[in-house]
file run06.cif (mmCIF, C-alpha atoms)
data_data
loop_
_atom_site.label_atom_id
_atom_site.label_comp_id
_atom_site.auth_asym_id
_atom_site.auth_seq_id
_atom_site.Cartn_x
_atom_site.Cartn_y
_atom_site.Cartn_z
CA MET A 8 -14.32 21.38 18.28
CA GLN A 9 -15.49 18.11 16.82
CA PRO A 10 -19.19 18.41 16.10
CA PRO A 11 -21.88 15.93 17.19
CA PRO A 12 -23.70 13.91 14.51
CA LEU A 13 -25.89 16.02 12.24
CA ARG A 14 -29.59 15.28 12.56
CA SER A 15 -30.66 17.08 9.40
CA PHE A 16 -29.45 19.12 6.45
CA ASP A 17 -31.25 21.96 8.23
CA ASP A 18 -28.76 21.80 11.14
CA LEU A 19 -26.20 23.44 8.85
CA SER A 20 -25.69 27.09 7.96
CA VAL A 21 -23.32 28.65 5.46
CA GLY A 22 -20.06 29.75 7.02
CA GLN A 23 -20.05 27.23 9.87
CA GLU A 24 -16.62 25.83 10.57
CA PHE A 25 -15.75 22.58 12.28
CA GLY A 26 -12.58 20.84 13.41
CA PHE A 27 -12.07 17.08 13.24
CA GLY A 28 -8.73 16.52 14.92
CA ARG A 29 -5.93 15.12 12.83
CA ILE A 30 -4.89 12.22 10.65
CA ALA A 31 -1.47 10.56 10.41
CA MET A 32 0.22 9.36 7.24
CA PRO A 33 2.54 6.48 8.15
CA LEU A 34 5.01 5.18 5.56
CA GLU A 35 3.61 1.64 5.43
CA GLU A 36 0.10 2.87 4.75
CA ILE A 37 1.38 5.25 2.04
CA LEU A 38 3.14 2.32 0.33
CA ASP A 39 0.15 -0.03 0.68
CA PHE A 40 -2.35 2.42 -0.76
CA ALA A 41 -0.09 3.35 -3.65
CA ARG A 42 0.78 -0.26 -4.53
CA ALA A 43 -2.94 -0.88 -4.97
CA TYR A 44 -4.13 2.39 -6.49
CA ASP A 45 -1.30 4.65 -7.63
CA PRO A 46 1.90 2.65 -8.24
CA GLN A 47 4.17 5.49 -9.37
CA PRO A 48 7.84 5.31 -8.32
CA PHE A 49 7.62 8.40 -6.09
CA HIS A 50 4.82 6.70 -4.12
CA ILE A 51 6.12 3.11 -3.84
CA ASP A 52 9.89 2.87 -4.40
CA PRO A 53 12.09 4.65 -1.82
CA ALA A 54 15.27 4.49 -3.93
CA ARG A 55 13.67 5.79 -7.13
CA ALA A 56 11.66 8.31 -5.11
CA ALA A 57 14.87 9.70 -3.55
CA ALA A 58 16.25 10.34 -7.04
CA GLY A 59 12.91 11.62 -8.38
CA PRO A 60 11.09 14.93 -8.57
CA PHE A 61 10.12 15.04 -4.88
CA GLY A 62 13.40 13.84 -3.34
CA GLY A 63 11.68 11.02 -1.47
CA ILE A 64 8.42 9.12 -1.04
CA ILE A 65 5.26 11.22 -1.09
CA ALA A 66 1.71 10.00 -0.48
CA SER A 67 -0.59 9.47 -3.43
CA GLY A 68 -2.97 12.40 -3.54
CA LEU A 69 -5.79 9.86 -3.84
CA HIS A 70 -4.62 8.41 -0.53
CA THR A 71 -4.62 11.75 1.28
CA GLN A 72 -8.07 12.49 -0.16
CA SER A 73 -9.46 9.07 0.86
CA LYS A 74 -7.83 9.15 4.28
CA LEU A 75 -9.23 12.58 5.09
CA PHE A 76 -12.70 11.63 3.91
CA GLY A 77 -12.63 8.29 5.77
CA HIS A 78 -11.67 10.19 8.92
CA ILE A 79 -14.69 12.48 8.55
CA ILE A 80 -16.95 9.45 8.06
CA ARG A 81 -15.52 7.73 11.18
CA THR A 82 -16.36 10.73 13.37
CA GLY A 83 -20.04 9.93 12.71
CA TRP A 84 -20.76 13.53 11.74
CA VAL A 85 -22.81 12.62 8.65
CA GLU A 86 -23.96 9.09 9.48
CA HIS A 87 -27.62 10.03 9.99
CA VAL A 88 -27.84 12.35 6.99
CA SER A 89 -25.51 11.08 4.26
CA LEU A 90 -27.19 10.04 1.00
CA GLY A 91 -23.93 9.92 -0.94
CA GLY A 92 -21.87 12.45 -2.83
CA THR A 93 -21.91 13.59 -6.42
CA GLU A 94 -18.73 15.60 -6.87
CA GLN A 95 -15.38 16.50 -5.33
CA VAL A 96 -12.98 19.17 -6.50
CA VAL A 97 -9.62 18.17 -5.02
CA ARG A 98 -6.48 20.30 -5.00
CA TRP A 99 -3.17 18.93 -3.80
CA ASN A 100 -1.27 22.06 -2.86
CA ALA A 101 1.87 20.48 -1.42
CA PRO A 102 3.36 16.99 -1.17
CA VAL A 103 2.51 14.86 1.89
CA ARG A 104 5.44 12.88 3.28
CA PRO A 105 5.65 9.83 5.55
CA GLY A 106 5.09 10.82 9.16
CA ASP A 107 3.14 13.97 8.38
CA GLU A 108 0.26 14.77 10.71
CA ILE A 109 -2.58 16.67 9.09
CA GLY A 110 -5.28 18.65 10.85
CA VAL A 111 -8.75 18.36 9.32
CA THR A 112 -11.30 21.17 9.20
CA ALA A 113 -14.56 21.76 7.34
CA ARG A 114 -16.45 24.87 6.29
CA VAL A 115 -20.03 24.94 4.98
CA GLU A 116 -19.84 26.79 1.64
CA GLU A 117 -23.31 26.41 0.12
CA LEU A 118 -26.68 24.84 0.99
CA ILE A 119 -29.27 24.13 -1.69
CA PRO A 120 -32.59 22.49 -0.69
CA SER A 121 -33.67 20.05 -3.40
CA ARG A 122 -36.66 21.22 -5.44
CA SER A 123 -37.61 17.80 -6.68
CA LYS A 124 -36.96 15.81 -3.47
CA PRO A 125 -38.18 17.60 -0.31
CA ASP A 126 -36.49 15.01 1.94
CA ARG A 127 -32.97 16.21 1.10
CA GLY A 128 -30.64 19.04 0.24
CA VAL A 129 -27.29 19.56 -1.44
CA ALA A 130 -24.50 20.67 0.91
CA LYS A 131 -21.21 21.95 -0.46
CA ILE A 132 -18.51 21.61 2.17
CA ARG A 133 -14.85 22.54 1.91
CA TYR A 134 -12.46 20.24 3.75
CA LEU A 135 -8.92 21.43 4.37
CA GLY A 136 -5.98 19.29 5.41
CA THR A 137 -3.31 21.40 7.13
CA ARG A 138 0.06 19.91 8.04
CA VAL A 139 0.53 20.35 11.78
CA ALA A 140 4.31 20.88 11.60
CA ASP A 141 4.29 23.96 9.33
CA GLU A 142 0.60 24.93 8.91
CA VAL A 143 0.77 24.38 5.14
CA VAL A 144 -2.58 23.47 3.58
CA VAL A 145 -1.68 20.27 1.72
CA ILE A 146 -5.14 19.33 0.44
CA ASP A 147 -8.33 21.27 -0.29
CA ILE A 148 -11.50 19.32 -1.15
CA LEU A 149 -14.79 20.93 -2.10
CA GLY A 150 -17.32 18.12 -1.65
CA THR A 151 -20.92 18.05 -2.83
CA HIS A 152 -23.19 15.87 -0.70
CA PHE A 153 -26.83 14.92 -0.53
CA PHE A 154 -28.00 15.18 3.09
CA ARG A 155 -31.39 14.17 4.52
CA ARG A 156 -33.67 16.81 6.01
CA MET B 5 -6.58 1.41 -28.69
CA GLN B 6 -4.33 1.43 -25.66
CA PRO B 7 -1.60 3.98 -26.30
CA PRO B 8 2.15 3.33 -25.90
CA PRO B 9 4.03 5.16 -23.13
CA LEU B 10 4.26 8.90 -23.67
CA ARG B 11 7.79 10.16 -24.25
CA SER B 12 7.00 13.84 -23.70
CA PHE B 13 4.27 16.35 -22.92
CA ASP B 14 4.78 17.35 -26.57
CA ASP B 15 3.50 13.95 -27.76
CA LEU B 16 -0.01 15.11 -26.81
CA SER B 17 -2.46 17.27 -28.73
CA VAL B 18 -5.83 18.64 -27.63
CA GLY B 19 -8.72 16.44 -28.65
CA GLN B 20 -6.78 13.16 -28.72
CA GLU B 21 -8.77 10.26 -27.35
CA PHE B 22 -7.46 7.01 -25.95
CA GLY B 23 -8.95 3.77 -24.67
CA PHE B 24 -7.53 1.80 -21.77
CA GLY B 25 -9.64 -1.35 -21.67
CA ARG B 26 -11.76 -1.94 -18.62
CA ILE B 27 -11.70 -2.31 -14.86
CA ALA B 28 -13.76 -4.66 -12.70
CA MET B 29 -15.35 -3.81 -9.34
CA PRO B 30 -15.62 -7.05 -7.33
CA LEU B 31 -17.64 -7.07 -4.12
CA GLU B 32 -14.74 -8.01 -1.83
CA GLU B 33 -12.61 -5.15 -3.10
CA ILE B 34 -15.51 -2.70 -2.72
CA LEU B 35 -15.92 -3.78 0.92
CA ASP B 36 -12.17 -3.70 1.65
CA PHE B 37 -11.66 -0.21 0.25
CA ALA B 38 -14.70 1.18 2.03
CA ARG B 39 -13.82 -0.40 5.39
CA ALA B 40 -10.52 1.46 5.23
CA TYR B 41 -11.53 4.76 3.61
CA ASP B 42 -15.30 5.26 3.41
CA PRO B 43 -17.11 3.12 6.02
CA GLN B 44 -20.68 4.18 5.29
CA PRO B 45 -23.41 1.50 5.60
CA PHE B 46 -24.22 1.54 1.87
CA HIS B 47 -20.57 0.69 1.11
CA ILE B 48 -19.78 -1.91 3.80
CA ASP B 49 -22.94 -3.51 5.25
CA PRO B 50 -25.04 -5.60 2.81
CA ALA B 51 -28.11 -5.74 5.08
CA ARG B 52 -28.21 -2.02 5.88
CA ALA B 53 -27.31 -1.23 2.26
CA ALA B 54 -30.29 -3.27 1.02
CA ALA B 55 -32.61 -1.14 3.17
CA GLY B 56 -30.79 2.09 2.33
CA PRO B 57 -30.97 4.78 -0.34
CA PHE B 58 -29.33 2.68 -3.09
CA GLY B 59 -31.08 -0.66 -2.45
CA GLY B 60 -27.80 -2.51 -2.05
CA ILE B 61 -24.04 -2.11 -1.77
CA ILE B 62 -22.47 0.52 -4.00
CA ALA B 63 -18.76 1.26 -4.39
CA SER B 64 -17.28 4.26 -2.62
CA GLY B 65 -16.79 6.96 -5.21
CA LEU B 66 -13.25 7.34 -3.87
CA HIS B 67 -12.70 3.68 -4.73
CA THR B 68 -13.94 4.02 -8.31
CA GLN B 69 -11.77 7.14 -8.71
CA SER B 70 -8.67 5.43 -7.27
CA LYS B 71 -9.25 2.20 -9.20
CA LEU B 72 -9.60 4.02 -12.51
CA PHE B 73 -6.53 6.12 -11.88
CA GLY B 74 -4.45 3.13 -10.71
CA HIS B 75 -5.46 1.32 -13.90
CA ILE B 76 -4.18 4.21 -16.02
CA ILE B 77 -0.89 4.20 -14.07
CA ARG B 78 -0.47 0.44 -14.56
CA THR B 79 -0.75 0.74 -18.34
CA GLY B 80 2.54 2.67 -18.21
CA TRP B 81 1.10 5.49 -20.32
CA VAL B 82 2.53 8.27 -18.14
CA GLU B 83 5.45 6.52 -16.44
CA HIS B 84 8.15 8.44 -18.33
CA VAL B 85 6.46 11.83 -18.07
CA SER B 86 4.50 12.00 -14.80
CA LEU B 87 5.62 14.65 -12.32
CA GLY B 88 2.52 14.35 -10.19
CA GLY B 89 -0.91 15.92 -10.24
CA THR B 90 -2.31 19.06 -8.73
CA GLU B 91 -6.08 18.77 -9.10
CA GLN B 92 -8.94 16.45 -9.95
CA VAL B 93 -12.56 17.38 -10.51
CA VAL B 94 -14.49 14.17 -9.97
CA ARG B 95 -18.17 13.63 -10.75
CA TRP B 96 -19.96 10.44 -9.76
CA ASN B 97 -22.88 10.34 -12.16
CA ALA B 98 -24.36 6.98 -11.22
CA PRO B 99 -23.79 4.35 -8.52
CA VAL B 100 -21.29 1.56 -9.22
CA ARG B 101 -22.39 -1.87 -8.01
CA PRO B 102 -20.51 -5.10 -7.27
CA GLY B 103 -19.66 -6.92 -10.49
CA ASP B 104 -19.81 -3.85 -12.69
CA GLU B 105 -17.25 -3.67 -15.48
CA ILE B 106 -16.23 -0.18 -16.46
CA GLY B 107 -14.55 0.87 -19.69
CA VAL B 108 -11.87 3.57 -19.31
CA THR B 109 -11.19 6.30 -21.85
CA ALA B 110 -9.23 9.55 -21.83
CA ARG B 111 -9.44 12.77 -23.82
CA VAL B 112 -6.83 15.53 -23.86
CA GLU B 113 -8.70 18.73 -22.95
CA GLU B 114 -5.99 21.36 -22.52
CA LEU B 115 -2.18 21.66 -22.77
CA ILE B 116 -0.32 24.52 -21.14
CA PRO B 117 3.50 24.67 -21.41
CA SER B 118 4.97 25.95 -18.16
CA ARG B 119 6.37 29.47 -18.37
CA SER B 120 8.58 29.16 -15.33
CA LYS B 121 9.81 25.58 -15.86
CA PRO B 122 10.67 24.80 -19.50
CA ASP B 123 11.11 21.08 -18.73
CA ARG B 124 7.39 20.51 -18.19
CA GLY B 125 3.82 21.34 -19.08
CA VAL B 126 0.37 21.12 -17.56
CA ALA B 127 -1.95 18.58 -19.21
CA LYS B 128 -5.65 18.54 -18.44
CA ILE B 129 -7.09 15.16 -19.27
CA ARG B 130 -10.67 13.97 -18.88
CA TYR B 131 -11.08 10.33 -17.88
CA LEU B 132 -14.46 8.69 -18.30
CA GLY B 133 -15.59 5.43 -16.75
CA THR B 134 -18.45 3.90 -18.72
CA ARG B 135 -20.29 0.82 -17.46
CA VAL B 136 -20.01 -1.86 -20.12
CA ALA B 137 -23.47 -3.36 -19.47
CA ASP B 138 -25.53 -0.22 -20.20
CA GLU B 139 -23.04 2.40 -21.49
CA VAL B 140 -23.81 4.73 -18.59
CA VAL B 141 -20.94 7.09 -17.71
CA VAL B 142 -20.54 6.40 -13.99
CA ILE B 143 -17.50 8.59 -13.31
CA ASP B 144 -15.98 11.66 -14.97
CA ILE B 145 -12.58 12.89 -13.78
CA LEU B 146 -10.86 16.01 -15.09
CA GLY B 147 -7.26 15.57 -13.98
CA THR B 148 -4.50 18.19 -14.03
CA HIS B 149 -1.02 16.72 -14.41
CA PHE B 150 2.52 17.96 -14.72
CA PHE B 151 4.23 16.09 -17.57
CA ARG B 152 7.90 16.26 -18.59
CA ARG B 153 8.87 17.65 -22.01
#
call {"tool": "encode", "arguments": {"input": "run06.cif", "output": "C-alpha cells"}}
result
Amino acid sequence: MQPPPLRSFDDLSVGQEFGFGRIAMPLEEILDFARAYDPQPFHIDPARAAAGPFGGIIASGLHTQSKLFGHIIRTGWVEHVSLGGTEQVVRWNAPVRPGDEIGVTARVEELIPSRSKPDRGVAKIRYLGTRVADEVVVIDILGTHFFRR
Amino acid sequence: MQPPPLRSFDDLSVGQEFGFGRIAMPLEEILDFARAYDPQPFHIDPARAAAGPFGGIIASGLHTQSKLFGHIIRTGWVEHVSLGGTEQVVRWNAPVRPGDEIGVTARVEELIPSRSKPDRGVAKIRYLGTRVADEVVVIDILGTHFFRR
C-alpha cells in the first residue's frame, strides 16, 4: 500500500515496509537517458547492442536508479521531511530491458537520531526494484537520508 | 593526464591514478535533470530552494553521479573493455551548486580476475569529483565494473 506523506522522522520504525506501485522503462527513455549520461553501445545503439554482451539494449543502471528514486519523490512520501541524502549503495542484480515494468518497495533498515542537530535524523532505507514479469530483483538501493523530526 | 583507451583489464594495476579533466554543472541542466528524476524543491524551484535547507538550488546527487560517470564514458577510457557494472557506492559529501566546475579523477582500488569467466575481471575504481573553486570533494563513487581481458 502506498503510504501517505511522512510528517516526521519519528513516523518511521525499523522493519516497516511500503509499496510504491511500479515504474515502466520504455525504449525511448532508455535511449535518451543513456545518450546524455551513459553513452555505451549496449545502452544507445540497437545494432551494436544486439551483437554485444547483453544481446540487446539494456537500461543504464544510473537510469534505473534515477527513475526509481524520482518515482519515490513523486509519490510525495518524503516531501515534508527530506533534507537531502548523503549516500546510496546501489546494486544492479540483473539487466533491465526496454518494456520492463518494475515494482518498487521500501524497507526501513536503520534510524539514527542526530546528536548534533535535534531537528533531524538519519534514515537508512532499502529500495528494491522487482521486475513484474518474473519477480527478479533488478536493483537494490540502500539510501541514507536526512529527515526532519 | 587523461589516459588512452584501456585495451584489457590487465592494463590496470592497483593504485593507478588518472585525471579526466572537469565537468560543469549549469543551472538549466540541474533543473532539467531534477524535473525528470528528482523533483524536490531544493533541486527545481529557485524560490523554495532559497528558503530551504541549502539556501538555494543544489544539483540532485543522482545528476552529479550520472554526469561524472557519463563524462568518464565519453573519454573512451573503457569503451573496449566495459561489460557493464554491478555496484556503485556513492557518497555526496557537499552540495553542488549551479556553475560549479568539478575535476574528475579515478584510482584503481581492487582487481579481481574472474574465476568462472576467464575473459573478464572485476575492477573496483574510486571516482572523485573535486570542486575546482575550493578543492572540496563533493562526490565519491566506488564503482564495480566487469572489464574484458
call {"tool": "interface_residues", "arguments": {"input": "run06.cif", "of": "chain B", "to": "chain A", "cutoff": "7 Å", "atoms": "only C-alpha atoms", "output": "compact mmCIF listing (two decimals) with C-alpha atoms, in the coordinates of the input"}}
result
# COMPACT_ATOMS: atom_id res chain seq x y z
CA TYR B 41 -11.53 4.76 3.61
CA ASP B 42 -15.30 5.26 3.41
CA PRO B 43 -17.11 3.12 6.02
CA PRO B 57 -30.97 4.78 -0.34
CA LEU B 66 -13.25 7.34 -3.87
CA SER B 70 -8.67 5.43 -7.27
CA LYS B 71 -9.25 2.20 -9.20
CA PHE B 73 -6.53 6.12 -11.88
CA GLY B 74 -4.45 3.13 -10.71
CA ILE B 77 -0.89 4.20 -14.07
CA LEU B 87 5.62 14.65 -12.32
CA THR B 90 -2.31 19.06 -8.73
CA GLU B 91 -6.08 18.77 -9.10
CA GLN B 92 -8.94 16.45 -9.95
CA VAL B 93 -12.56 17.38 -10.51
CA VAL B 94 -14.49 14.17 -9.97
CA ARG B 95 -18.17 13.63 -10.75
CA TRP B 96 -19.96 10.44 -9.76
CA ASN B 97 -22.88 10.34 -12.16
call {"tool": "atom_distance", "arguments": {"input": "run06.cif", "atom1": "atom CA of Val141 of chain B", "atom2": "atom CA of Ala127 of chain B"}}
result
22.2 Å
call {"tool": "resolve_selection", "arguments": {"input": "run06.cif", "expression": "the PyMOL selection byres ((chain A and resi 16) around 7)", "output": "CSV table (one decimal) with C-alpha atoms, in the coordinates of the input"}}
result
chain,number,residue,atom,x,y,z
A,15,SER,CA,-30.7,17.1,9.4
A,17,ASP,CA,-31.2,22.0,8.2
A,18,ASP,CA,-28.8,21.8,11.1
A,19,LEU,CA,-26.2,23.4,8.8
A,88,VAL,CA,-27.8,12.4,7.0
A,128,GLY,CA,-30.6,19.0,0.2
A,154,PHE,CA,-28.0,15.2,3.1
A,155,ARG,CA,-31.4,14.2,4.5
A,156,ARG,CA,-33.7,16.8,6.0
call {"tool": "atom_distance", "arguments": {"input": "run06.cif", "atom1": "atom CA of Ser123 of chain A", "atom2": "atom CA of Ile61 of chain B"}}
result
24.6 Å
call {"tool": "atom_distance", "arguments": {"input": "run06.cif", "atom1": "atom CA of Glu105 of chain B", "atom2": "atom CA of Ala28 of chain B"}}
result
4.6 Å
call {"tool": "resolve_selection", "arguments": {"input": "run06.cif", "expression": "the PyMOL selection byres ((chain B and resi 106) around 8)", "output": "PDB file with C-alpha atoms, keeping the file's coordinate frame"}}
result
ATOM      1  CA  ARG B  26     -11.760  -1.940 -18.620  1.00  0.00           C
ATOM      2  CA  ILE B  27     -11.700  -2.310 -14.860  1.00  0.00           C
ATOM      3  CA  ALA B  28     -13.760  -4.660 -12.700  1.00  0.00           C
ATOM      4  CA  ASP B 104     -19.810  -3.850 -12.690  1.00  0.00           C
ATOM      5  CA  GLU B 105     -17.250  -3.670 -15.480  1.00  0.00           C
ATOM      6  CA  GLY B 107     -14.550   0.870 -19.690  1.00  0.00           C
ATOM      7  CA  VAL B 108     -11.870   3.570 -19.310  1.00  0.00           C
ATOM      8  CA  GLY B 133     -15.590   5.430 -16.750  1.00  0.00           C
ATOM      9  CA  THR B 134     -18.450   3.900 -18.720  1.00  0.00           C
ATOM     10  CA  ARG B 135     -20.290   0.820 -17.460  1.00  0.00           C
ATOM     11  CA  VAL B 136     -20.010  -1.860 -20.120  1.00  0.00           C
TER      12      VAL B 136
END
call {"tool": "closest_residue", "arguments": {"input": "run06.cif", "among": "A:Arg133, A:Arg114, A:Arg104, A:Arg55", "to": "Ser20 of chain A", "atoms": "only C-alpha atoms"}}
result
A:Arg114
call {"tool": "closest_residue", "arguments": {"input": "run06.cif", "among": "A:Leu34, A:Val103, A:Ile65, A:Ala54", "to": "Asp141 of chain A", "atoms": "only C-alpha atoms"}}
result
A:Val103
call {"tool": "closest_residue", "arguments": {"input": "run06.cif", "among": "B:Glu139, B:Glu21, B:Asp49, B:Glu33", "to": "Val112 of chain B", "atoms": "all atoms listed in the file"}}
result
B:Glu21
